[in-house]
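Asks: TSV, C-alpha atoms, saved as protein_19.tsv, coming up:
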chain	number	residue	atom	x	y	z
H	1	MET	CA	4.08	23.59	-1.74
H	2	SER	CA	4.23	20.19	-3.42
H	3	LYS	CA	7.45	18.63	-4.61
H	4	LYS	CA	7.99	17.71	-8.22
H	5	GLY	CA	6.95	14.12	-8.76
H	6	GLU	CA	5.56	13.39	-5.29
H	7	ASN	CA	2.26	12.12	-6.76
H	8	LEU	CA	4.05	9.64	-9.03
H	9	SER	CA	3.89	5.92	-8.36
H	10	ASP	CA	7.06	4.09	-7.38
H	11	THR	CA	7.16	2.51	-10.85
H	12	GLU	CA	6.91	5.92	-12.55
H	13	ILE	CA	9.65	7.31	-10.33
H	14	VAL	CA	11.95	4.38	-11.12
H	15	GLU	CA	11.32	4.77	-14.86
H	16	ARG	CA	11.96	8.52	-14.78
H	17	PHE	CA	15.01	8.07	-12.51
H	18	ASN	CA	16.46	5.66	-15.04
H	19	ALA	CA	15.66	8.14	-17.82
H	20	GLY	CA	17.88	10.71	-16.10
H	21	GLU	CA	15.68	12.45	-13.50
H	22	ARG	CA	17.97	11.48	-10.60
H	23	GLU	CA	16.45	14.05	-8.23
H	24	LEU	CA	13.27	11.95	-8.04
H	25	PHE	CA	15.17	9.44	-5.89
H	26	ASP	CA	14.65	11.81	-2.94
H	27	ILE	CA	10.92	11.01	-3.09
H	28	LEU	CA	11.62	7.30	-2.68
H	29	VAL	CA	13.88	8.07	0.28
H	30	GLU	CA	11.14	10.18	1.90
H	31	ARG	CA	8.53	7.47	1.32
H	32	TYR	CA	10.55	4.57	2.64
H	33	SER	CA	13.31	5.76	4.98
H	34	GLY	CA	11.11	5.43	8.07
H	35	LYS	CA	10.12	1.87	7.15
H	36	ALA	CA	13.73	0.97	6.34
H	37	TYR	CA	14.84	2.27	9.73
H	38	GLN	CA	12.08	0.37	11.54
H	39	ILE	CA	12.99	-2.90	9.84
H	40	ALA	CA	16.69	-2.44	10.57
H	41	TYR	CA	15.96	-1.49	14.18
H	42	GLY	CA	13.76	-4.54	14.62
H	43	VAL	CA	16.55	-6.83	13.42
H	44	LEU	CA	19.44	-5.05	15.14
H	45	GLY	CA	17.93	-3.45	18.25
H	46	GLY	CA	20.23	-0.42	18.12
H	47	LYS	CA	19.56	3.11	16.90
H	48	GLU	CA	22.99	3.78	15.42
H	49	ASP	CA	23.21	0.42	13.66
H	50	ALA	CA	19.67	0.84	12.28
H	51	GLU	CA	20.48	4.33	10.96
H	52	GLU	CA	23.68	3.02	9.36
H	53	VAL	CA	21.87	0.13	7.66
H	54	ALA	CA	19.06	2.38	6.40
H	55	GLN	CA	21.56	4.86	4.96
H	56	ASP	CA	23.72	2.14	3.41
H	57	GLY	CA	20.58	0.57	2.01
H	58	PHE	CA	19.56	3.70	0.14
H	59	VAL	CA	23.09	4.17	-1.20
H	60	ARG	CA	22.94	0.61	-2.58
H	61	ILE	CA	19.44	1.14	-3.94
H	62	TYR	CA	20.54	4.32	-5.72
H	63	LYS	CA	23.42	2.47	-7.38
H	64	ALA	CA	21.36	-0.62	-8.22
H	65	LEU	CA	18.18	1.11	-9.41
H	66	PRO	CA	19.21	1.05	-13.09
H	67	SER	CA	19.33	-2.76	-12.88
H	68	PHE	CA	15.97	-3.08	-11.06
H	69	ARG	CA	13.85	-5.15	-13.45
H	70	GLY	CA	10.50	-4.54	-11.80
H	71	ASP	CA	9.78	-8.26	-11.23
H	72	SER	CA	8.40	-7.22	-7.84
H	73	GLU	CA	7.16	-3.98	-6.30
H	74	PHE	CA	9.89	-1.45	-5.55
H	75	SER	CA	9.00	-1.63	-1.84
H	76	THR	CA	9.48	-5.42	-1.78
H	77	TRP	CA	12.87	-5.10	-3.45
H	78	MET	CA	13.86	-2.31	-1.05
H	79	TYR	CA	12.76	-4.31	2.02
H	80	ARG	CA	14.81	-7.28	0.84
H	81	ILE	CA	17.93	-5.12	0.55
H	82	ILE	CA	17.39	-3.64	4.03
H	83	VAL	CA	16.70	-7.04	5.62
H	84	ASN	CA	19.84	-8.51	4.03
H	85	LEU	CA	22.01	-5.60	5.16
H	86	ALA	CA	20.54	-5.77	8.66
H	87	ARG	CA	21.18	-9.55	8.81
H	88	ASN	CA	24.77	-9.02	7.76
H	89	LYS	CA	25.25	-6.27	10.35
H	90	TYR	CA	23.61	-8.41	13.04
H	91	ARG	CA	25.95	-11.32	12.27
H	92	TRP	CA	28.97	-9.02	12.15
H	93	ASN	CA	28.01	-7.50	15.52
H	94	LYS	CA	27.45	-10.93	17.01
H	95	SER	CA	30.81	-12.25	15.82
H	96	ARG	CA	32.60	-9.15	17.14
H	97	GLY	CA	30.64	-8.99	20.41
H	98	ALA	CA	29.54	-5.44	19.65
H	99	GLN	CA	26.21	-5.73	21.46
H	100	LYS	CA	27.43	-7.25	24.73
H	101	ASN	CA	27.44	-4.01	26.74
H	102	ILE	CA	24.12	-2.59	25.61
H	103	SER	CA	21.43	-2.48	28.26
H	104	MET	CA	18.34	-4.52	27.58
H	105	GLN	CA	16.45	-2.04	29.76
H	106	ALA	CA	16.65	0.67	27.10
H	107	PRO	CA	13.67	3.04	27.35
H	108	THR	CA	11.04	2.94	24.63
H	109	SER	CA	8.35	5.61	24.62
H	110	ALA	CA	10.10	7.92	27.12
H	111	ASP	CA	13.12	8.28	24.83
H	112	SER	CA	12.05	10.18	21.72
H	113	SER	CA	15.29	9.35	19.93
H	114	SER	CA	14.49	5.64	19.73
H	115	PRO	CA	11.63	4.10	17.77
H	116	SER	CA	8.51	3.78	19.82
H	117	LEU	CA	6.93	0.43	20.53
H	118	GLU	CA	4.10	2.36	22.13
H	119	MET	CA	0.68	0.77	22.11
H	120	LYS	CA	-2.23	3.00	21.09
H	121	LEU	CA	-4.78	3.26	23.88
H	122	PRO	CA	-8.19	4.91	23.55
H	123	ASP	CA	-7.69	7.04	26.68
H	124	GLU	CA	-4.78	9.46	26.37
H	125	ALA	CA	-4.92	10.17	30.14
H	126	ILE	CA	-3.10	7.10	31.39
H	127	SER	CA	-2.14	6.84	35.04
H	128	PRO	CA	1.57	6.78	35.91
H	129	ASP	CA	1.23	3.23	37.29
H	130	ALA	CA	-0.48	2.00	34.14
H	131	GLU	CA	2.14	3.75	32.00
H	132	ALA	CA	4.95	2.09	33.98
H	133	GLU	CA	3.29	-1.32	33.51
H	134	LEU	CA	2.86	-0.65	29.80
H	135	ASN	CA	6.51	0.36	29.42
H	136	GLU	CA	7.58	-2.76	31.30
H	137	LEU	CA	5.46	-4.93	29.01
H	138	GLN	CA	6.84	-3.21	25.89
H	139	ASN	CA	10.40	-3.71	27.10
H	140	ASP	CA	9.68	-7.36	27.88
H	141	VAL	CA	8.12	-7.96	24.44
H	142	TYR	CA	11.09	-6.29	22.75
H	143	ARG	CA	13.62	-8.33	24.79
H	144	GLN	CA	11.82	-11.57	24.06
H	145	MET	CA	11.61	-10.75	20.33
H	146	GLN	CA	15.38	-10.27	20.27
H	147	GLU	CA	15.76	-13.78	21.73
H	148	LEU	CA	13.73	-15.43	18.95
H	149	PRO	CA	15.65	-17.21	16.19
H	150	GLU	CA	16.54	-14.78	13.40
H	151	LEU	CA	14.22	-16.38	10.83
H	152	TYR	CA	11.22	-16.12	13.13
H	153	ARG	CA	12.07	-12.60	14.32
H	154	GLU	CA	12.38	-11.20	10.79
H	155	ALA	CA	9.11	-12.70	9.60
H	156	LEU	CA	7.21	-11.55	12.70
H	157	LEU	CA	8.70	-8.06	12.48
H	158	LEU	CA	7.65	-7.64	8.85
H	159	ARG	CA	4.15	-8.92	9.61
H	160	ASN	CA	3.37	-7.21	12.92
H	161	PHE	CA	5.36	-3.98	12.79
H	162	GLU	CA	5.43	-3.31	9.05
H	163	GLN	CA	2.00	-4.90	8.46
H	164	LEU	CA	3.11	-6.54	5.23
H	165	SER	CA	1.10	-9.33	3.67
H	166	TYR	CA	2.34	-12.92	3.91
H	167	GLU	CA	2.97	-12.82	0.14
H	168	GLU	CA	5.14	-9.69	0.42
H	169	ILE	CA	7.11	-11.21	3.30
H	170	ALA	CA	7.66	-14.40	1.28
H	171	ARG	CA	9.08	-12.33	-1.61
H	172	ILE	CA	11.27	-10.23	0.68
H	173	LEU	CA	12.73	-13.21	2.52
H	174	GLY	CA	12.84	-15.44	-0.58
H	175	CYS	CA	10.69	-18.20	0.94
H	176	LYS	CA	7.54	-20.08	0.10
H	177	LEU	CA	4.26	-18.68	1.43
H	178	GLY	CA	3.67	-21.73	3.65
H	179	THR	CA	7.12	-21.35	5.18
H	180	ILE	CA	6.40	-17.72	6.11
H	181	LYS	CA	3.03	-18.59	7.66
H	182	SER	CA	4.69	-21.36	9.65
H	183	ARG	CA	7.54	-19.11	10.85
H	184	ILE	CA	5.12	-16.39	11.96
H	185	ALA	CA	2.88	-18.89	13.77
H	186	ARG	CA	5.90	-20.43	15.51
H	187	ALA	CA	7.27	-16.99	16.41
H	188	ARG	CA	3.96	-15.94	17.93
H	189	GLU	CA	3.67	-19.19	19.86
H	190	GLU	CA	7.23	-18.87	21.14
H	191	LEU	CA	6.57	-15.26	22.21
H	192	ARG	CA	3.40	-16.33	24.02
H	193	LYS	CA	5.36	-19.00	25.90
H	194	ARG	CA	8.14	-16.61	26.80
H	195	LEU	CA	5.70	-13.93	27.95
H	196	GLN	CA	3.37	-16.50	29.56
H	197	VAL	CA	0.36	-14.78	27.98
In structure tokens, write the structure found in this file.

Replies:
Amino acid sequence: MSKKGENLSDTEIVERFNAGERELFDILVERYSGKAYQIAYGVLGGKEDAEEVAQDGFVRIYKALPSFRGDSEFSTWMYRIIVNLARNKYRWNKSRGAQKNISMQAPTSADSSSPSLEMKLPDEAISPDAEAELNELQNDVYRQMQELPELYREALLLRNFEQLSYEEIARILGCKLGTIKSRIARAREELRKRLQV
């Protein structure tokens, strides 16, 4: 059974939300909560912090939606809010030392409660040795991404994990297109050096 308004565009939902159909906001949450969580997790590296940022983000979006002018796509505006909240949380955690006791060996694909960094392989029947090597590589990539400077990490996350265009990333992060391309290139080069690939 289809939900009322689920075939509407983001723009139509925003217009109708602002006209009084507040229940349509749930559709936006369903469409974007997974992406919001992934972005927050990529910046913060912790499940609880990422959930908190995603939830806080949608509370802020709900309150601010009447003032959304539509100068950009809703998704771009939403990503910017999530990135900013995640940055603030990251800085707060760093200044308070909140992340100092978290293991960098946190499982990825074996732990279904954390976002998967799992690589898609054509053969589903992977040997235990190959799976262990893959998990080790995924953990190493994740650890090295967390060590990148914040500006590089955010741009690379939005490009590689969220598969956003360079133009969308520039709007989200409030930078020029050339700056974003440069940050992503530098981030990839730095990752290659760190991983010795």

Asks: Which neighbours of H:Leu157 fall inside 12 Å, counting only C-alpha atoms, when residues of the same chain fewer than 2 positions from it are skipped, and could you give them as a compact mmCIF listing (two decimals) with C-alpha atoms, in the coordinates of the input?

Replies:
# COMPACT_ATOMS: atom_id res chain seq x y z
CA LYS H 35 10.12 1.87 7.15
CA GLN H 38 12.08 0.37 11.54
CA ILE H 39 12.99 -2.90 9.84
CA ALA H 40 16.69 -2.44 10.57
CA TYR H 41 15.96 -1.49 14.18
CA GLY H 42 13.76 -4.54 14.62
CA VAL H 43 16.55 -6.83 13.42
CA LEU H 44 19.44 -5.05 15.14
CA GLY H 45 17.93 -3.45 18.25
CA TYR H 79 12.76 -4.31 2.02
CA VAL H 83 16.70 -7.04 5.62
CA LEU H 117 6.93 0.43 20.53
CA VAL H 141 8.12 -7.96 24.44
CA TYR H 142 11.09 -6.29 22.75
CA MET H 145 11.61 -10.75 20.33
CA GLN H 146 15.38 -10.27 20.27
CA LEU H 148 13.73 -15.43 18.95
CA GLU H 150 16.54 -14.78 13.40
CA LEU H 151 14.22 -16.38 10.83
CA TYR H 152 11.22 -16.12 13.13
CA ARG H 153 12.07 -12.60 14.32
CA GLU H 154 12.38 -11.20 10.79
CA ALA H 155 9.11 -12.70 9.60
CA ARG H 159 4.15 -8.92 9.61
CA ASN H 160 3.37 -7.21 12.92
CA PHE H 161 5.36 -3.98 12.79
CA GLU H 162 5.43 -3.31 9.05
CA GLN H 163 2.00 -4.90 8.46
CA LEU H 164 3.11 -6.54 5.23
CA SER H 165 1.10 -9.33 3.67
CA TYR H 166 2.34 -12.92 3.91
CA ILE H 169 7.11 -11.21 3.30
CA LEU H 173 12.73 -13.21 2.52
CA ILE H 180 6.40 -17.72 6.11
CA ARG H 183 7.54 -19.11 10.85
CA ILE H 184 5.12 -16.39 11.96
CA ALA H 187 7.27 -16.99 16.41
CA ARG H 188 3.96 -15.94 17.93

Asks: Separation of atom CA of H:Leu85 and atom CA of H:Leu156, in Å?

Replies: 17.6 Å

Asks: Which of these, H:Glu48, H:Glu15, H:Glu73, H:Glu147, has the shortest distance to H:Glu168 once you count only C-alpha atoms?

Replies: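 Closest to H:Glu168 of all the choices is H:Glu73.
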
Asks: Rounded to one decimal place, report the atom CA of H:Ser72-atom CA of H:Arg171 distance in Å.

Replies: 8.1 Å

Asks: Once you add 5 Å to each side, what are the centre and edge lengths of the axis-aligned box holding all listed atoms of stretch 43-56 of chain H? One decimal in Å, as AutoDock Vina command-line options, if you can.

Replies:
--center_x 20.1 --center_y -1.0 --center_z 10.8 --size_x 17.2 --size_y 21.7 --size_z 24.8

Asks: Quick one: residues within 12 Å of H:Tyr32, all atoms listed in the file counted, chain neighbours fewer than 2 positions away excluded, as a list of chain:residue names?

Replies: H:Asp10, H:Phe25, H:Asp26, H:Ile27, H:Leu28, H:Val29, H:Glu30, H:Gly34, H:Lys35, H:Ala36, H:Tyr37, H:Gln38, H:Ile39, H:Ala54, H:Gln55, H:Gly57, H:Phe58, H:Ile61, H:Phe74, H:Ser75, H:Thr76, H:Trp77, H:Met78, H:Tyr79, H:Ile82, H:Glu162

Asks: Around (17.1, 11.8, -10.4), as given in the file, which residues come within 12 Å? Count all atoms listed in the file and list them as a list of chain:residue names.

Replies: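 So the residues meeting the distance criterion are H:Lys4, H:Gly5, H:Glu12, H:Ile13, H:Val14, H:Glu15, H:Arg16, H:Phe17, H:Asn18, H:Ala19, H:Gly20, H:Glu21, H:Arg22, H:Glu23, H:Leu24, H:Phe25, H:Asp26, H:Ile27, H:Leu28, H:Val29, H:Tyr62, H:Lys63, H:Leu65, H:Pro66.
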